[in-house]
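Structure data follow from protein-v1.pdb (PDB, N, CA and C atoms):
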ATOM      1  N   MET C  37      75.573 109.664 111.143
ATOM      2  CA  MET C  37      76.871 109.445 111.737
ATOM      3  C   MET C  37      77.166 110.532 112.767
ATOM      4  N   ARG C  38      76.758 111.750 112.435
ATOM      5  CA  ARG C  38      77.013 112.873 113.337
ATOM      6  C   ARG C  38      76.211 112.715 114.623
ATOM      7  N   ARG C  39      75.024 112.129 114.518
ATOM      8  CA  ARG C  39      74.160 111.940 115.680
ATOM      9  C   ARG C  39      74.826 110.999 116.682
ATOM     10  N   HIS C  40      75.491 109.936 116.169
ATOM     11  CA  HIS C  40      76.176 108.989 117.050
ATOM     12  C   HIS C  40      77.343 109.659 117.768
ATOM     13  N   ALA C  41      78.038 110.537 117.080
ATOM     14  CA  ALA C  41      79.167 111.237 117.702
ATOM     15  C   ALA C  41      78.688 112.159 118.814
ATOM     16  N   ILE C  42      77.568 112.826 118.593
ATOM     17  CA  ILE C  42      77.023 113.721 119.622
ATOM     18  C   ILE C  42      76.624 112.918 120.853
ATOM     19  N   ILE C  43      75.971 111.786 120.642
ATOM     20  CA  ILE C  43      75.563 110.933 121.768
ATOM     21  C   ILE C  43      76.790 110.421 122.513
ATOM     22  N   PHE C  44      77.815 109.989 121.782
ATOM     23  CA  PHE C  44      79.027 109.463 122.408
ATOM     24  C   PHE C  44      79.723 110.513 123.262
ATOM     25  N   TRP C  45      79.920 111.702 122.704
ATOM     26  CA  TRP C  45      80.626 112.736 123.456
ATOM     27  C   TRP C  45      79.806 113.250 124.638
ATOM     28  N   THR C  46      78.501 113.285 124.497
ATOM     29  CA  THR C  46      77.653 113.685 125.618
ATOM     30  C   THR C  46      77.750 112.674 126.754
ATOM     31  N   ALA C  47      77.687 111.385 126.424
ATOM     32  CA  ALA C  47      77.789 110.344 127.446
ATOM     33  C   ALA C  47      79.175 110.352 128.081
ATOM     34  N   SER C  48      80.217 110.561 127.294
ATOM     35  CA  SER C  48      81.576 110.617 127.839
ATOM     36  C   SER C  48      81.749 111.796 128.781
ATOM     37  N   THR C  49      81.210 112.944 128.424
ATOM     38  CA  THR C  49      81.308 114.132 129.272
ATOM     39  C   THR C  49      80.558 113.925 130.576
ATOM     40  N   LEU C  50      79.354 113.382 130.502
ATOM     41  CA  LEU C  50      78.578 113.125 131.718
ATOM     42  C   LEU C  50      79.268 112.107 132.617
ATOM     43  N   ALA C  51      79.889 111.094 132.034
ATOM     44  CA  ALA C  51      80.610 110.099 132.827
ATOM     45  C   ALA C  51      81.810 110.727 133.511
ATOM     46  N   ALA C  52      82.532 111.591 132.813
ATOM     47  CA  ALA C  52      83.694 112.254 133.411
ATOM     48  C   ALA C  52      83.267 113.178 134.548
ATOM     49  N   VAL C  53      82.190 113.921 134.363
ATOM     50  CA  VAL C  53      81.705 114.818 135.413
ATOM     51  C   VAL C  53      81.242 113.989 136.618
ATOM     52  N   GLY C  54      80.546 112.906 136.386
ATOM     53  CA  GLY C  54      80.092 112.048 137.480
ATOM     54  C   GLY C  54      81.250 111.435 138.239
ATOM     55  N   LEU C  55      82.286 111.016 137.534
ATOM     56  CA  LEU C  55      83.475 110.456 138.184
ATOM     57  C   LEU C  55      84.195 111.512 139.001
ATOM     58  N   LEU C  56      84.275 112.718 138.475
ATOM     59  CA  LEU C  56      84.925 113.819 139.194
ATOM     60  C   LEU C  56      84.158 114.172 140.469
ATOM     61  N   VAL C  57      82.849 114.246 140.395
ATOM     62  CA  VAL C  57      82.024 114.543 141.571
ATOM     63  C   VAL C  57      82.159 113.420 142.596
ATOM     64  N   LEU C  58      82.195 112.181 142.119
ATOM     65  CA  LEU C  58      82.317 111.036 143.009
ATOM     66  C   LEU C  58      83.652 111.038 143.746
ATOM     67  N   LEU C  59      84.711 111.447 143.076
ATOM     68  CA  LEU C  59      86.034 111.487 143.709
ATOM     69  C   LEU C  59      86.174 112.652 144.685
ATOM     70  N   LEU C  60      85.478 113.756 144.437
ATOM     71  CA  LEU C  60      85.616 114.938 145.290
ATOM     72  C   LEU C  60      84.820 114.837 146.582
ATOM     73  N   GLU C  61      83.771 114.014 146.614
ATOM     74  CA  GLU C  61      83.000 113.845 147.838
ATOM     75  C   GLU C  61      83.799 112.989 148.812
ATOM     76  N   PRO C  62      83.909 113.417 150.065
ATOM     77  CA  PRO C  62      84.758 112.690 151.012
ATOM     78  C   PRO C  62      84.234 111.298 151.361
ATOM     79  N   GLY C  63      82.960 111.089 151.458
ATOM     80  CA  GLY C  63      82.423 109.792 151.883
ATOM     81  C   GLY C  63      82.296 108.780 150.765
ATOM     82  N   SER C  64      82.438 109.204 149.526
ATOM     83  CA  SER C  64      82.172 108.306 148.401
ATOM     84  C   SER C  64      83.432 107.640 147.840
ATOM     85  N   ARG C  65      84.575 107.906 148.428
ATOM     86  CA  ARG C  65      85.806 107.291 147.890
ATOM     87  C   ARG C  65      85.764 105.777 148.035
ATOM     88  N   MET C  66      85.148 105.285 149.087
ATOM     89  CA  MET C  66      85.072 103.841 149.290
ATOM     90  C   MET C  66      84.133 103.203 148.274
ATOM     91  N   SER C  67      83.117 103.933 147.845
ATOM     92  CA  SER C  67      82.170 103.364 146.885
ATOM     93  C   SER C  67      82.785 103.213 145.501
ATOM     94  N   ILE C  68      83.824 103.971 145.185
ATOM     95  CA  ILE C  68      84.500 103.796 143.899
ATOM     96  C   ILE C  68      85.688 102.844 144.034
ATOM     97  N   LEU C  69      86.215 102.695 145.234
ATOM     98  CA  LEU C  69      87.366 101.828 145.448
ATOM     99  C   LEU C  69      86.997 100.357 145.290
ATOM    100  N   ILE C  70      85.837  99.956 145.760
ATOM    101  CA  ILE C  70      85.411  98.549 145.675
ATOM    102  C   ILE C  70      85.244  98.101 144.228
ATOM    103  N   PRO C  71      84.547  98.833 143.358
ATOM    104  CA  PRO C  71      84.469  98.401 141.953
ATOM    105  C   PRO C  71      85.841  98.376 141.260
ATOM    106  N   LEU C  72      86.725  99.327 141.605
ATOM    107  CA  LEU C  72      88.067  99.308 141.009
ATOM    108  C   LEU C  72      88.845  98.059 141.420
ATOM    109  N   ILE C  73      88.712  97.653 142.676
ATOM    110  CA  ILE C  73      89.377  96.433 143.134
ATOM    111  C   ILE C  73      88.810  95.211 142.418
ATOM    112  N   ILE C  74      87.504  95.157 142.265
ATOM    113  CA  ILE C  74      86.868  94.022 141.577
ATOM    114  C   ILE C  74      87.317  93.958 140.123
ATOM    115  N   VAL C  75      87.344  95.096 139.446
ATOM    116  CA  VAL C  75      87.788  95.127 138.052
ATOM    117  C   VAL C  75      89.251  94.699 137.958
ATOM    118  N   GLY C  76      90.088  95.135 138.900
ATOM    119  CA  GLY C  76      91.499  94.745 138.899
ATOM    120  C   GLY C  76      91.686  93.260 139.103
ATOM    121  N   VAL C  77      90.917  92.653 140.026
ATOM    122  CA  VAL C  77      91.022  91.209 140.269
ATOM    123  C   VAL C  77      90.562  90.427 139.046
ATOM    124  N   VAL C  78      89.468  90.843 138.431
ATOM    125  CA  VAL C  78      88.976  90.156 137.222
ATOM    126  C   VAL C  78      90.001  90.261 136.101
ATOM    127  N   TYR C  79      90.623  91.423 135.947
ATOM    128  CA  TYR C  79      91.638  91.600 134.910
ATOM    129  C   TYR C  79      92.847  90.694 135.172
ATOM    130  N   LEU C  80      93.291  90.626 136.418
ATOM    131  CA  LEU C  80      94.432  89.766 136.733
ATOM    132  C   LEU C  80      94.105  88.294 136.521
ATOM    133  N   LEU C  81      92.889  87.880 136.869
ATOM    134  CA  LEU C  81      92.495  86.494 136.628
ATOM    135  C   LEU C  81      92.396  86.192 135.142
ATOM    136  N   TYR C  82      91.983  87.176 134.364
ATOM    137  CA  TYR C  82      91.912  86.991 132.913
ATOM    138  C   TYR C  82      93.310  86.896 132.308
ATOM    139  N   LYS C  83      94.211  87.772 132.743
ATOM    140  CA  LYS C  83      95.563  87.816 132.190
ATOM    141  C   LYS C  83      96.401  86.634 132.653
ATOM    142  N   PHE C  84      96.294  86.267 133.925
ATOM    143  CA  PHE C  84      97.078  85.173 134.505
ATOM    144  C   PHE C  84      96.133  84.184 135.172
ATOM    145  N   PRO C  85      95.516  83.284 134.411
ATOM    146  CA  PRO C  85      94.550  82.356 135.012
ATOM    147  C   PRO C  85      95.251  81.356 135.935
ATOM    148  N   PRO C  86      94.554  80.900 136.980
ATOM    149  CA  PRO C  86      95.140  79.898 137.863
ATOM    150  C   PRO C  86      95.368  78.591 137.115
ATOM    151  N   ARG C  87      96.358  77.833 137.550
ATOM    152  CA  ARG C  87      96.706  76.585 136.853
ATOM    153  C   ARG C  87      95.584  75.562 136.900
ATOM    154  N   CYS C  88      94.811  75.556 137.964
ATOM    155  CA  CYS C  88      93.750  74.549 138.067
ATOM    156  C   CYS C  88      92.645  74.796 137.039
ATOM    157  N   LEU C  89      92.483  76.038 136.604
ATOM    158  CA  LEU C  89      91.447  76.341 135.610
ATOM    159  C   LEU C  89      91.940  76.188 134.182
ATOM    160  N   SER C  90      93.239  76.308 133.984
ATOM    161  CA  SER C  90      93.751  76.288 132.619
ATOM    162  C   SER C  90      94.144  74.891 132.141
ATOM    163  N   LYS C  91      94.092  73.882 133.009
ATOM    164  CA  LYS C  91      94.451  72.528 132.594
ATOM    165  C   LYS C  91      93.351  71.948 131.731
ATOM    166  N   ARG C  92      93.766  71.259 130.710
ATOM    167  CA  ARG C  92      92.822  70.556 129.856
ATOM    168  C   ARG C  92      92.969  69.070 130.133
ATOM    169  N   PRO C  93      91.914  68.316 130.012
ATOM    170  CA  PRO C  93      92.030  66.888 130.284
ATOM    171  C   PRO C  93      92.958  66.215 129.270
ATOM    172  N   LYS C  94      93.748  65.280 129.754
ATOM    173  CA  LYS C  94      94.698  64.575 128.897
ATOM    174  C   LYS C  94      93.941  63.524 128.109
ATOM    175  N   VAL C  95      94.046  63.593 126.795
ATOM    176  CA  VAL C  95      93.383  62.639 125.918
ATOM    177  C   VAL C  95      94.465  61.860 125.190
ATOM    178  N   LYS C  96      94.409  60.553 125.313
ATOM    179  CA  LYS C  96      95.404  59.708 124.663
ATOM    180  C   LYS C  96      95.011  59.526 123.199
ATOM    181  N   PRO C  97      95.923  59.847 122.275
ATOM    182  CA  PRO C  97      95.574  59.683 120.862
ATOM    183  C   PRO C  97      95.533  58.213 120.469
ATOM    184  N   SER C  98      94.762  57.912 119.443
ATOM    185  CA  SER C  98      94.675  56.538 118.968
ATOM    186  C   SER C  98      95.990  56.141 118.300
ATOM    187  N   LYS C  99      96.153  54.857 118.022
ATOM    188  CA  LYS C  99      97.385  54.374 117.387
ATOM    189  C   LYS C  99      97.569  55.026 116.018
ATOM    190  N   ARG C 100      96.476  55.164 115.313
ATOM    191  CA  ARG C 100      96.542  55.746 113.971
ATOM    192  C   ARG C 100      96.999  57.201 114.026
ATOM    193  N   THR C 101      96.440  57.954 114.959
ATOM    194  CA  THR C 101      96.813  59.359 115.101
ATOM    195  C   THR C 101      98.258  59.482 115.560
ATOM    196  N   ALA C 102      98.669  58.627 116.491
ATOM    197  CA  ALA C 102     100.056  58.657 116.954
ATOM    198  C   ALA C 102     101.013  58.350 115.816
ATOM    199  N   ALA C 103     100.645  57.422 114.955
ATOM    200  CA  ALA C 103     101.495  57.087 113.806
ATOM    201  C   ALA C 103     101.592  58.265 112.841
ATOM    202  N   LYS C 104     100.482  58.959 112.629
ATOM    203  CA  LYS C 104     100.497  60.135 111.745
ATOM    204  C   LYS C 104     101.391  61.223 112.317
ATOM    205  N   MET C 105     101.276  61.461 113.620
ATOM    206  CA  MET C 105     102.081  62.504 114.251
ATOM    207  C   MET C 105     103.560  62.139 114.216
ATOM    208  N   ALA C 106     103.884  60.861 114.404
ATOM    209  CA  ALA C 106     105.279  60.430 114.358
ATOM    210  C   ALA C 106     105.833  60.594 112.948
ATOM    211  N   ALA C 107     105.013  60.294 111.945
ATOM    212  CA  ALA C 107     105.467  60.451 110.566
ATOM    213  C   ALA C 107     105.627  61.924 110.209
ATOM    214  N   LYS C 108     104.797  62.753 110.781
ATOM    215  CA  LYS C 108     104.862  64.185 110.492
ATOM    216  C   LYS C 108     106.116  64.807 111.098
ATOM    217  N   ASN C 109     106.504  64.350 112.301
ATOM    218  CA  ASN C 109     107.652  64.912 112.993
ATOM    219  C   ASN C 109     108.967  64.234 112.618
ATOM    220  N   ALA C 110     108.917  63.174 111.811
ATOM    221  CA  ALA C 110     110.137  62.472 111.417
ATOM    222  C   ALA C 110     110.941  63.354 110.464
ATOM    223  N   PRO C 111     112.281  63.220 110.498
ATOM    224  CA  PRO C 111     113.088  64.028 109.578
ATOM    225  C   PRO C 111     112.803  63.660 108.130
ATOM    226  N   VAL C 112     112.817  64.666 107.289
ATOM    227  CA  VAL C 112     112.503  64.474 105.878
ATOM    228  C   VAL C 112     113.753  63.987 105.154
ATOM    229  N   ARG C 113     113.607  62.913 104.423
ATOM    230  CA  ARG C 113     114.730  62.383 103.652
ATOM    231  C   ARG C 113     114.785  63.082 102.303
ATOM    232  N   LYS C 114     115.995  63.349 101.899
ATOM    233  CA  LYS C 114     116.152  63.962 100.581
ATOM    234  C   LYS C 114     116.225  62.858  99.540
ATOM    235  N   SER C 115     115.319  62.898  98.614
ATOM    236  CA  SER C 115     115.317  61.892  97.563
ATOM    237  C   SER C 115     115.914  62.492  96.297
ATOM    238  N   SER C 116     116.238  61.635  95.394
ATOM    239  CA  SER C 116     116.803  62.117  94.135
ATOM    240  C   SER C 116     115.720  62.872  93.376
ATOM    241  N   PRO C 117     116.119  63.885  92.647
ATOM    242  CA  PRO C 117     115.101  64.664  91.936
ATOM    243  C   PRO C 117     114.363  63.802  90.911
ATOM    244  N   ALA C 118     113.063  63.930  90.906
ATOM    245  CA  ALA C 118     112.243  63.145  89.984
ATOM    246  C   ALA C 118     112.410  63.687  88.571
ATOM    247  N   LYS C 119     112.364  62.794  87.629
ATOM    248  CA  LYS C 119     112.479  63.213  86.231
ATOM    249  C   LYS C 119     111.178  63.870  85.802
ATOM    250  N   ARG C 120     111.314  64.945  85.066
ATOM    251  CA  ARG C 120     110.142  65.649  84.584
ATOM    252  C   ARG C 120     109.700  65.035  83.263
ATOM    253  N   LYS C 121     108.407  64.939  83.121
ATOM    254  CA  LYS C 121     107.874  64.413  81.872
ATOM    255  C   LYS C 121     107.939  65.500  80.810
ATOM    256  N   GLN C 122     108.158  65.106  79.601
ATOM    257  CA  GLN C 122     108.181  66.032  78.475
ATOM    258  C   GLN C 122     106.803  66.043  77.828
ATOM    259  N   TYR C 123     106.157  67.173  77.880
ATOM    260  CA  TYR C 123     104.839  67.319  77.287
ATOM    261  C   TYR C 123     104.966  68.049  75.951
ATOM    262  N   PRO C 124     104.042  67.777  75.034
ATOM    263  CA  PRO C 124     104.113  68.437  73.726
ATOM    264  C   PRO C 124     103.558  69.861  73.755
ATOM    265  N   PHE C 125     103.496  70.489  74.901
ATOM    266  CA  PHE C 125     102.958  71.840  75.005
ATOM    267  C   PHE C 125     104.090  72.850  75.073
ATOM    268  N   GLN C 126     103.775  74.071  74.692
ATOM    269  CA  GLN C 126     104.775  75.127  74.693
ATOM    270  C   GLN C 126     104.189  76.351  75.396
ATOM    271  N   VAL C 127     104.985  76.992  76.211
ATOM    272  CA  VAL C 127     104.539  78.181  76.923
ATOM    273  C   VAL C 127     104.721  79.387  76.018
ATOM    274  N   ILE C 128     103.652  80.167  75.883
ATOM    275  CA  ILE C 128     103.703  81.370  75.064
ATOM    276  C   ILE C 128     103.725  82.560  76.013
ATOM    277  N   ASP C 129     104.738  83.396  75.910
ATOM    278  CA  ASP C 129     104.840  84.558  76.775
ATOM    279  C   ASP C 129     103.743  85.553  76.444
ATOM    280  N   GLY C 130     103.092  86.054  77.472
ATOM    281  CA  GLY C 130     102.052  87.052  77.289
ATOM    282  C   GLY C 130     102.640  88.453  77.303
ATOM    283  N   GLN C 131     101.795  89.454  77.027
ATOM    284  CA  GLN C 131     102.242  90.846  76.969
ATOM    285  C   GLN C 131     101.893  91.610  78.235
ATOM    286  N   LYS C 132     101.190  90.981  79.166
ATOM    287  CA  LYS C 132     100.735  91.675  80.362
ATOM    288  C   LYS C 132     101.920  92.010  81.258
ATOM    289  N   GLY C 133     102.044  93.257  81.656
ATOM    290  CA  GLY C 133     103.068  93.671  82.581
ATOM    291  C   GLY C 133     104.445  93.827  81.969
ATOM    292  N   LYS C 134     104.563  93.772  80.673
ATOM    293  CA  LYS C 134     105.862  93.931  80.025
ATOM    294  C   LYS C 134     105.966  95.319  79.411
ATOM    295  N   SER C 135     107.196  95.722  79.167
ATOM    296  CA  SER C 135     107.396  97.024  78.534
ATOM    297  C   SER C 135     107.065  96.916  77.043
ATOM    298  N   ASP C 136     107.215  98.026  76.334
ATOM    299  CA  ASP C 136     106.886  98.048  74.906
ATOM    300  C   ASP C 136     107.705  97.011  74.157
ATOM    301  N   PRO C 137     107.095  96.364  73.145
ATOM    302  CA  PRO C 137     107.850  95.372  72.371
ATOM    303  C   PRO C 137     108.920  96.070  71.525
ATOM    304  N   PRO C 138     109.923  95.335  71.110
ATOM    305  CA  PRO C 138     110.960  95.948  70.266
ATOM    306  C   PRO C 138     110.364  96.522  68.979
ATOM    307  N   ASP C 139     111.079  97.463  68.371
ATOM    308  CA  ASP C 139     110.559  98.157  67.182
ATOM    309  C   ASP C 139     110.471  97.264  65.955
ATOM    310  N   ASP C 140     111.271  96.214  65.865
ATOM    311  CA  ASP C 140     111.278  95.407  64.655
ATOM    312  C   ASP C 140     110.084  94.470  64.559
ATOM    313  N   VAL C 141     109.337  94.271  65.669
ATOM    314  CA  VAL C 141     108.174  93.404  65.622
ATOM    315  C   VAL C 141     106.938  94.276  65.443
ATOM    316  N   PRO C 142     106.097  93.997  64.434
ATOM    317  CA  PRO C 142     104.892  94.814  64.240
ATOM    318  C   PRO C 142     103.885  94.548  65.368
ATOM    319  N   LYS C 143     103.126  95.602  65.688
ATOM    320  CA  LYS C 143     102.132  95.470  66.746
ATOM    321  C   LYS C 143     100.919  94.685  66.308
ATOM    322  N   TYR C 144     100.556  94.766  65.028
ATOM    323  CA  TYR C 144      99.380  94.079  64.518
ATOM    324  C   TYR C 144      99.782  93.148  63.395
ATOM    325  N   HIS C 145      98.964  92.146  63.146
ATOM    326  CA  HIS C 145      99.253  91.185  62.080
ATOM    327  C   HIS C 145      98.787  91.701  60.747
TER     328      HIS C 145
END
Target encoding structure tokens, full file:
Amino acid sequence: MRRHAIIFWTASTLAAVGLLVLLLEPGSRMSILIPLIIVGVVYLLYKFPPRCLSKRPKVKPSKRTAAKMAAKNAPVRKSSPAKRKQYPFQVIDGQKGKSDPPDDVPKYH
């Protein structure tokens, strides 16, 4: 892991020194300006794509799909509450996550 950090910081330092030397030379300002303009244009096209590129072809849904979408977007009707069935089962409370049981109940059988 330490080896990767050394390589990263060495490459970062060399890149910074190279950029500084490139900016200080009088004739090389144009050579750095062109890539910066290209990167800026690509970034703007990525962030704000032209409308002609972002359009998707219009696909007409089938009757079945249109019916499903209409049913999905239709307002939900409130129906009367359904009656619950009575099952012969009983819920037994567990001990997980509860505080200590009362003192009158023995812990063991």
Would you compute an axis-aligned box for segment 94-108 of chain C, covering every atom listed for it in the file with 4 Å of margin on each side, and report centre and edge lengths in Å to one decimal as JSON?
{"center_x": 99.7, "center_y": 59.8, "center_z": 120.0, "size_x": 20.7, "size_y": 18.9, "size_z": 27.5}
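Put simply, atom N of Ser48 of chain C is 24.7 Å away from atom CA of Gly63 of chain C.
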Sel. of helix (DSSP H, G or I) residues, segment 74-106 of chain C, as a list in words | Ile74, Val75, Gly76, Val77, Val78, Tyr79, Leu80, Leu81, Tyr82, Lys83, Arg87, Cys88, Leu89, Ser90, Lys99, Arg100, Thr101, Ala102, Ala103, Lys104, Met105 and Ala106 of chain C
Take the residues that were just selected and, keeping N, CA and C atoms, output them as a PDB file, in the coordinates of the input.
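Now in part-v1.pdb:
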ATOM      1  N   ILE C  74      87.504  95.157 142.265  1.00  0.00           N
ATOM      2  CA  ILE C  74      86.868  94.022 141.577  1.00  0.00           C
ATOM      3  C   ILE C  74      87.317  93.958 140.123  1.00  0.00           C
ATOM      4  N   VAL C  75      87.344  95.096 139.446  1.00  0.00           N
ATOM      5  CA  VAL C  75      87.788  95.127 138.052  1.00  0.00           C
ATOM      6  C   VAL C  75      89.251  94.699 137.958  1.00  0.00           C
ATOM      7  N   GLY C  76      90.088  95.135 138.900  1.00  0.00           N
ATOM      8  CA  GLY C  76      91.499  94.745 138.899  1.00  0.00           C
ATOM      9  C   GLY C  76      91.686  93.260 139.103  1.00  0.00           C
ATOM     10  N   VAL C  77      90.917  92.653 140.026  1.00  0.00           N
ATOM     11  CA  VAL C  77      91.022  91.209 140.269  1.00  0.00           C
ATOM     12  C   VAL C  77      90.562  90.427 139.046  1.00  0.00           C
ATOM     13  N   VAL C  78      89.468  90.843 138.431  1.00  0.00           N
ATOM     14  CA  VAL C  78      88.976  90.156 137.222  1.00  0.00           C
ATOM     15  C   VAL C  78      90.001  90.261 136.101  1.00  0.00           C
ATOM     16  N   TYR C  79      90.623  91.423 135.947  1.00  0.00           N
ATOM     17  CA  TYR C  79      91.638  91.600 134.910  1.00  0.00           C
ATOM     18  C   TYR C  79      92.847  90.694 135.172  1.00  0.00           C
ATOM     19  N   LEU C  80      93.291  90.626 136.418  1.00  0.00           N
ATOM     20  CA  LEU C  80      94.432  89.766 136.733  1.00  0.00           C
ATOM     21  C   LEU C  80      94.105  88.294 136.521  1.00  0.00           C
ATOM     22  N   LEU C  81      92.889  87.880 136.869  1.00  0.00           N
ATOM     23  CA  LEU C  81      92.495  86.494 136.628  1.00  0.00           C
ATOM     24  C   LEU C  81      92.396  86.192 135.142  1.00  0.00           C
ATOM     25  N   TYR C  82      91.983  87.176 134.364  1.00  0.00           N
ATOM     26  CA  TYR C  82      91.912  86.991 132.913  1.00  0.00           C
ATOM     27  C   TYR C  82      93.310  86.896 132.308  1.00  0.00           C
ATOM     28  N   LYS C  83      94.211  87.772 132.743  1.00  0.00           N
ATOM     29  CA  LYS C  83      95.563  87.816 132.190  1.00  0.00           C
ATOM     30  C   LYS C  83      96.401  86.634 132.653  1.00  0.00           C
ATOM     31  N   ARG C  87      96.358  77.833 137.550  1.00  0.00           N
ATOM     32  CA  ARG C  87      96.706  76.585 136.853  1.00  0.00           C
ATOM     33  C   ARG C  87      95.584  75.562 136.900  1.00  0.00           C
ATOM     34  N   CYS C  88      94.811  75.556 137.964  1.00  0.00           N
ATOM     35  CA  CYS C  88      93.750  74.549 138.067  1.00  0.00           C
ATOM     36  C   CYS C  88      92.645  74.796 137.039  1.00  0.00           C
ATOM     37  N   LEU C  89      92.483  76.038 136.604  1.00  0.00           N
ATOM     38  CA  LEU C  89      91.447  76.341 135.610  1.00  0.00           C
ATOM     39  C   LEU C  89      91.940  76.188 134.182  1.00  0.00           C
ATOM     40  N   SER C  90      93.239  76.308 133.984  1.00  0.00           N
ATOM     41  CA  SER C  90      93.751  76.288 132.619  1.00  0.00           C
ATOM     42  C   SER C  90      94.144  74.891 132.141  1.00  0.00           C
ATOM     43  N   LYS C  99      96.153  54.857 118.022  1.00  0.00           N
ATOM     44  CA  LYS C  99      97.385  54.374 117.387  1.00  0.00           C
ATOM     45  C   LYS C  99      97.569  55.026 116.018  1.00  0.00           C
ATOM     46  N   ARG C 100      96.476  55.164 115.313  1.00  0.00           N
ATOM     47  CA  ARG C 100      96.542  55.746 113.971  1.00  0.00           C
ATOM     48  C   ARG C 100      96.999  57.201 114.026  1.00  0.00           C
ATOM     49  N   THR C 101      96.440  57.954 114.959  1.00  0.00           N
ATOM     50  CA  THR C 101      96.813  59.359 115.101  1.00  0.00           C
ATOM     51  C   THR C 101      98.258  59.482 115.560  1.00  0.00           C
ATOM     52  N   ALA C 102      98.669  58.627 116.491  1.00  0.00           N
ATOM     53  CA  ALA C 102     100.056  58.657 116.954  1.00  0.00           C
ATOM     54  C   ALA C 102     101.013  58.350 115.816  1.00  0.00           C
ATOM     55  N   ALA C 103     100.645  57.422 114.955  1.00  0.00           N
ATOM     56  CA  ALA C 103     101.495  57.087 113.806  1.00  0.00           C
ATOM     57  C   ALA C 103     101.592  58.265 112.841  1.00  0.00           C
ATOM     58  N   LYS C 104     100.482  58.959 112.629  1.00  0.00           N
ATOM     59  CA  LYS C 104     100.497  60.135 111.745  1.00  0.00           C
ATOM     60  C   LYS C 104     101.391  61.223 112.317  1.00  0.00           C
ATOM     61  N   MET C 105     101.276  61.461 113.620  1.00  0.00           N
ATOM     62  CA  MET C 105     102.081  62.504 114.251  1.00  0.00           C
ATOM     63  C   MET C 105     103.560  62.139 114.216  1.00  0.00           C
ATOM     64  N   ALA C 106     103.884  60.861 114.404  1.00  0.00           N
ATOM     65  CA  ALA C 106     105.279  60.430 114.358  1.00  0.00           C
ATOM     66  C   ALA C 106     105.833  60.594 112.948  1.00  0.00           C
TER      67      ALA C 106
END
Point-to-point distance in Å for atom C of Tyr79 of chain C and atom N of Ala51 of chain C |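 Distance reported for this atom pair: 24.4 Å.
From atom CA of Gly54 of chain C back to atom CA of Ile73 of chain C, the distance works out to 19.0 Å.
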